[in-house]
Each structure stands twice: as C-alpha cells, then as structure tokens.
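K.L.:
Pasting a structure below so you can have a look.
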Amino acid sequence: MAVHGENEEGKLTATVVCWLLGNGCLFSWNSMLSIVDYYENLFPKYHPARVLPIVYQPFAVGILVILTYNEAKINTRRRNLLGYTIFFISALLVLVLDLATSGKGGIGTYVGLCIISGVFGVGEACVQGGMIGDLSLMCPEFIQSYLAGLAASGALTSALRLITKAAFGNSRNGLRNGAMMYFAISMLFELLCLILYAHVFPKLPIVKYYRSKAASEGSKTVSADLAAGGIRVLTNGQAAEEKPEYMERLNNKQLIVQNMAYAATIFLIFVLTFSIFPGFLTEDTKKHSLGSWHALVMIAMFNVWNLIGRYIPLIDSLKLKSRRWLLIVSLARFLLIPCFYFTAKYGDEGWMIMLTSLLGLSQGYLPVCVLTEAPKNYKGPEQNALGNLLVLFLGGGVLAGVTLDLLWLIGKGW
C-alpha cells in the first residue's frame, strides 16, 4: 500500500534516521575490525582477524534463532533499545579493558576481548533482526537506507582508522591511541542511536502511519513503538472482533517455503564474502608492498565499494528483481575464491585491490535487492516475520563464512 498526501510527512527525516541507525548497528563492531592491525600487533600468535568474528557470530546466530522463533510476541521497541544499549556498554568495556591492562597483550586480555566480541554479537542479533523486521513493514527506501547505513559504518570506521594511523604513527603506542579514540567515538555514536530510536523515530508521521497499518493487519510487535508515538492500538480481542482476518497470517515455515530462493541467495552472499573478508585479506596477502598499511587499505576498499553497491538499486533500471537471477549471481560470486587465491600467490596489489572492490560492490548491491523485494505483497506481521527470517539466513551465512575462512590456514602451521 503506497503512502500518499500527509502520510509522506517526515519521510526524508525517517530515511536519514534509518541510515544513522544502520550505521550504529555495526559501528562498534566495525571499529573492532578496523583496528585489527592494533590487535595483530598486540596478539601476534592468536589470529584476532579470524578468531574475533568466529566468537562473535555464534552468539549473533544463536540469539537470532531464539528471537526469530518468537518474533510475533516480542516487543520490537525493547529489543532494539536493548541492542543499542549493549553496543554502548560493549564499546565502553573495550576501553576499560585496554586501560585496565595498560595496553598489554596476553591470554587474559585476549579472552576478555573475545567475551566482549560475543556480547557485540548478542547486540547485533537484537538490532539487526529487529530493525530489518520493523522496516520490512514500511517502505523499501527505509530498508535501503538502513542497509546503506550498515555499509557506511564500515566506510566511516575505515576512514577514521586511516586518519588515526597517519596521525598517531605505526608505533605500538600510536596504534593504541588511535584504537582508544575509535571506541570513544563509538560510544558517543551508540548513545546518539539510542536517543534517535527512543525519542525521534517513533514520532515521525510516516513511521506512525506504517506501524498503525501493520497493527491493523494484526501485528503485535509495533504496539510499544506506537504508544511511544502517542497512538493507542486495539487489543487482540477487539481487533479480532472488528476484523476476523486479523488473526490470519502465514507461519514462518510457509514464508520460508515461498521465499526459499531469497533465503538461499542471502545465505550464499554472506558465506562467500566472509570466507574471504576480513581474515584472508588481512593475513594471507601480506607479501605485497603495502606493508603495515595492507590490512587497512584492503578493508577500506571493501567498505567503500560495499557502500557504493548499497545505492545502485535506487536506480530502478539497475535493480535486479528476478529471484532466479539473484540466485545465479550469488552462485557466480564463488568464482572469486580461485581469483583471490591465485592473485595472492602471483599477482600484485593492483589486482588484489580490484578483486576486493568487486567483492565489496557485489556484497553491497545484492542484499539490498533481496531485502527490499522479498517483503512485497505481504501483510505487516508477515513482512516483519520474513525480515527476521532473512536476517537469520544472513547470520547463518556469516557464521559459515568465517568458519570456512579457517580453511585458508591449512598448511600454514595453525
């Protein structure tokens, strides 16, 4: 159902807020990934570029399974606010841990960092599924903006890291100062996201319109957000009496059967990406001449092209809408694995940067096509459920990818 007239009010503001909230979902975690050169220096024997994502992702997927199974009964407002609060506290804990240990390495500090990484995963499970589920029952532009924000968090953290590395130098103390500044910024940004989601987003007219529409179609997940926007919703009993079709909706199994191609596509996209990024790119291609800048440059190139890819589907003629072609393209991306392998072995930085850019561009473009097309033609409760289900497949793909990334270590003595 299109929104017309007065219901368009606040659309631009909502789009900007969605971008900022997407940014906040991964800003702290991307900060941790972007200072991987500091952690490689601090824990040279423990492969932090590979281990931290492996610790992070099982927590994210495990919590996502529980939340997705119960999504119809969960208060989305509390879920998202909890997630952003976890991000804020986790960023603070990274600072406290480093200050308490005076920037020294060691197994104890590393275990502490791994625990915080797991906590980040819990926060992502709360926010990612909650936000995409919530935005799935609104207009596609909001999902696109949120996903662009996710990508922008990577680009922004990479830019900050390059600036801090240039400003503070490559010494251990310089790396540490840059890393600490990073997480101080992360804390402030997560606090901003908390305020935006709690007090700004629910009061925008267009957001209230879509949530009211979802509530009229039987969604219980939007009640608290509508209340925060000053709108009272009918109880289940009242709504069921007025509209018998209120309680009718497809269950999760039916939604997955109808959208198996989308689910497989989103899974394959993230399996491929995270079997290469960040572990392989930061550890297995260091023979090139970029030296200590190699990891940062590769991560920055991936993040910038990932961000560009998120905006391409805004041009309707360039947006891939066919389920079959989305699946075919996601399978074709696996040809990048031998390309990366042989480039790392025989090529130079130019070829590696080109491949990394292609990986980032396709990683940005394809998820937007899937997540904006899939919820169309469903009722509000089904759109929320489908958004959560697709995020679960996304998380499963990331978990499989970071696990498969370990295969690059075969024959390397670990």
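Residues are referred to by chain and number: the chain letter is A, B, ... according to the order shown in the structure tokens, the number counts from 1 in that chain, and ligands are numbered separately from 1 in the order shown.
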Got a sec to tell me which of range 119-346 of chain A DSSP assigns to helix (DSSP H, G or I), as a ChimeraX atom specification?

P.N.:
/A:119-136,140-168,172-203,205-216,223-228,236-242,244-247,252-258,260-274,279-283,291-314,316-318,323-346

K.L.:
Which residues, written as a ChimeraX atom specification, have at least one atom at most 6 Å from range 103-109 of chain A, with only C-alpha atoms counted and residues fewer than 3 positions away on the same chain left out?

P.N.:
/A:42-43,98,112

K.L.:
Given the selection you just returned, output its residues as a file containing all heavy atoms, formatted as a PDB file, in the first residue's frame.

P.N.:
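Output saved as out22.pdb:
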ATOM      1  N   LEU A  42      49.207  -6.661  19.073  1.00  0.00           N
ATOM      2  CA  LEU A  42      49.056  -6.987  20.490  1.00  0.00           C
ATOM      3  C   LEU A  42      49.034  -8.500  20.722  1.00  0.00           C
ATOM      4  O   LEU A  42      49.579  -9.003  21.711  1.00  0.00           O
ATOM      5  CB  LEU A  42      47.750  -6.361  21.004  1.00  0.00           C
ATOM      6  CG  LEU A  42      47.667  -5.954  22.479  1.00  0.00           C
ATOM      7  CD1 LEU A  42      48.772  -4.988  22.845  1.00  0.00           C
ATOM      8  CD2 LEU A  42      46.298  -5.337  22.762  1.00  0.00           C
ATOM      9  N   PHE A  43      48.391  -9.224  19.787  1.00  0.00           N
ATOM     10  CA  PHE A  43      48.239 -10.687  19.928  1.00  0.00           C
ATOM     11  C   PHE A  43      48.715 -11.380  18.651  1.00  0.00           C
ATOM     12  O   PHE A  43      47.921 -11.978  17.908  1.00  0.00           O
ATOM     13  CB  PHE A  43      46.769 -11.051  20.178  1.00  0.00           C
ATOM     14  CG  PHE A  43      46.099 -10.228  21.254  1.00  0.00           C
ATOM     15  CD1 PHE A  43      45.157  -9.262  20.921  1.00  0.00           C
ATOM     16  CD2 PHE A  43      46.408 -10.420  22.595  1.00  0.00           C
ATOM     17  CE1 PHE A  43      44.525  -8.506  21.889  1.00  0.00           C
ATOM     18  CE2 PHE A  43      45.789  -9.669  23.581  1.00  0.00           C
ATOM     19  CZ  PHE A  43      44.850  -8.704  23.229  1.00  0.00           C
ATOM     20  N   ASP A  98      41.288  -2.162  27.882  1.00  0.00           N
ATOM     21  CA  ASP A  98      42.599  -1.707  27.431  1.00  0.00           C
ATOM     22  C   ASP A  98      43.270  -0.820  28.474  1.00  0.00           C
ATOM     23  O   ASP A  98      44.476  -0.935  28.723  1.00  0.00           O
ATOM     24  CB  ASP A  98      42.464  -0.949  26.110  1.00  0.00           C
ATOM     25  CG  ASP A  98      43.786  -0.843  25.380  1.00  0.00           C
ATOM     26  OD1 ASP A  98      44.119  -1.769  24.625  1.00  0.00           O
ATOM     27  OD2 ASP A  98      44.499   0.157  25.594  1.00  0.00           O
ATOM     28  N   GLY A 112      39.280 -11.754  27.431  1.00  0.00           N
ATOM     29  CA  GLY A 112      38.354 -10.661  27.727  1.00  0.00           C
ATOM     30  C   GLY A 112      37.824 -10.019  26.456  1.00  0.00           C
ATOM     31  O   GLY A 112      36.625  -9.721  26.335  1.00  0.00           O
TER      32      GLY A 112
END

K.L.:
Could the residues of range 113-219 of chain A that have an atom at most 10 Å from range 313-330 of chain A be listed as a Markdown table, each with its closest atom pair and the distance in Å to one decimal, counting only C-alpha atoms and ordered by chain and ascending residue number?

P.N.:
| residue | atom | partner | partner_atom | distance |
| --- | --- | --- | --- | --- |
| A:Pro140 | CA | A:Leu314 | CA | 9.8 |
| A:Glu141 | CA | A:Leu314 | CA | 8.2 |
| A:Gln144 | CA | A:Leu314 | CA | 8.1 |
| A:Ser145 | CA | A:Leu314 | CA | 9.9 |

K.L.:
State, in Å with one decimal place, the distance from CA of Ala214 in chain A to CA of Ala385 in chain A.

P.N.:
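Computed distance, CA of Ala214 in chain A to CA of Ala385 in chain A, equals 12.0 Å.
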
K.L.:
Find the residue from A:Ala344, A:Val402, A:Met181, A:Leu394 that sits nearest to Leu64 in chain A; use only C-alpha atoms when measuring.

P.N.:
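Closest to Leu64 in chain A, using only C-alpha atoms: A:Leu394.
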
K.L.:
Which residues are near Met131 in chain A? Cut-off 12 Å, only C-alpha atoms, ignore same chain within fewer than 2 positions. Put them as a VMD selection string.

P.N.:
chain A and resid 17 to 19 21 to 25 71 75 to 81 83 to 84 123 to 129 133 to 138 142 to 147 150 197 201 221 to 222 383 to 385 387 to 388 391

K.L.:
Would you pick out the contacts of Ile115 in chain A at 10 Å or less, using only C-alpha atoms, so that residues sharing its chain but fewer than 3 positions from it are not included, and give the list as a list in words?

P.N.:
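Near Ile115 in chain A, the qualifying residues are Leu52, Val55, Tyr56, Ser90, Thr109, Tyr110, Val111, Gly112, Gly118, Val119, Phe120 and Gly121 of chain A.
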
K.L.:
Restrict the selected residues to N, CA and C atoms and save them as a PDB file, in the first residue's frame.

P.N.:
ATOM      1  N   LEU A  52      38.095 -13.368  16.335  1.00  0.00           N
ATOM      2  CA  LEU A  52      37.050 -12.475  16.856  1.00  0.00           C
ATOM      3  C   LEU A  52      35.717 -12.633  16.102  1.00  0.00           C
ATOM      4  N   VAL A  55      34.083 -15.912  17.205  1.00  0.00           N
ATOM      5  CA  VAL A  55      33.464 -15.810  18.533  1.00  0.00           C
ATOM      6  C   VAL A  55      32.165 -15.012  18.446  1.00  0.00           C
ATOM      7  N   TYR A  56      32.204 -13.936  17.696  1.00  0.00           N
ATOM      8  CA  TYR A  56      31.066 -13.013  17.567  1.00  0.00           C
ATOM      9  C   TYR A  56      29.842 -13.695  16.954  1.00  0.00           C
ATOM     10  N   SER A  90      29.349  -2.319  25.423  1.00  0.00           N
ATOM     11  CA  SER A  90      30.472  -3.108  24.895  1.00  0.00           C
ATOM     12  C   SER A  90      31.626  -2.212  24.457  1.00  0.00           C
ATOM     13  N   THR A 109      43.895 -10.877  28.559  1.00  0.00           N
ATOM     14  CA  THR A 109      43.317  -9.743  27.825  1.00  0.00           C
ATOM     15  C   THR A 109      42.588 -10.231  26.581  1.00  0.00           C
ATOM     16  N   TYR A 110      43.203 -11.215  25.916  1.00  0.00           N
ATOM     17  CA  TYR A 110      42.614 -11.742  24.681  1.00  0.00           C
ATOM     18  C   TYR A 110      41.276 -12.424  24.948  1.00  0.00           C
ATOM     19  N   VAL A 111      41.205 -13.205  26.022  1.00  0.00           N
ATOM     20  CA  VAL A 111      39.940 -13.859  26.405  1.00  0.00           C
ATOM     21  C   VAL A 111      38.878 -12.802  26.718  1.00  0.00           C
ATOM     22  N   GLY A 112      39.280 -11.754  27.431  1.00  0.00           N
ATOM     23  CA  GLY A 112      38.354 -10.661  27.727  1.00  0.00           C
ATOM     24  C   GLY A 112      37.824 -10.019  26.456  1.00  0.00           C
ATOM     25  N   GLY A 118      31.726 -11.530  21.748  1.00  0.00           N
ATOM     26  CA  GLY A 118      30.484 -12.292  21.845  1.00  0.00           C
ATOM     27  C   GLY A 118      29.304 -11.427  22.246  1.00  0.00           C
ATOM     28  N   VAL A 119      29.560 -10.472  23.152  1.00  0.00           N
ATOM     29  CA  VAL A 119      28.498  -9.554  23.592  1.00  0.00           C
ATOM     30  C   VAL A 119      28.053  -8.666  22.425  1.00  0.00           C
ATOM     31  N   PHE A 120      29.009  -8.216  21.606  1.00  0.00           N
ATOM     32  CA  PHE A 120      28.657  -7.475  20.384  1.00  0.00           C
ATOM     33  C   PHE A 120      27.700  -8.308  19.521  1.00  0.00           C
ATOM     34  N   GLY A 121      27.959  -9.609  19.433  1.00  0.00           N
ATOM     35  CA  GLY A 121      27.107 -10.500  18.648  1.00  0.00           C
ATOM     36  C   GLY A 121      25.675 -10.530  19.158  1.00  0.00           C
TER      37      GLY A 121
END

K.L.:
A:Val304, A:Leu407, A:Leu371, A:Leu196: which is nearest Val16 in chain A, counting only C-alpha atoms?

P.N.:
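Of the candidates, the smallest distance to Val16 in chain A is held by A:Leu196.
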
K.L.:
Have a look at CA of Gly401 in chain A and CA of Asp37 in chain A and let me know their distance in Å, one decimal.

P.N.:
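We find that CA of Gly401 in chain A and CA of Asp37 in chain A lie 21.2 Å from each other.
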
K.L.:
In Å to one decimal, how far is CA of Leu268 in chain A from CA of Leu331 in chain A?

P.N.:
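We find that CA of Leu331 in chain A and CA of Leu268 in chain A lie 7.0 Å from each other.
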
K.L.:
Write out as a count of residues only each polymer residue whose atoms come within 8 Å of range 29-34 of chain A, counting only C-alpha atoms; drop sequence neighbours fewer than 3 positions from it.

P.N.:
16
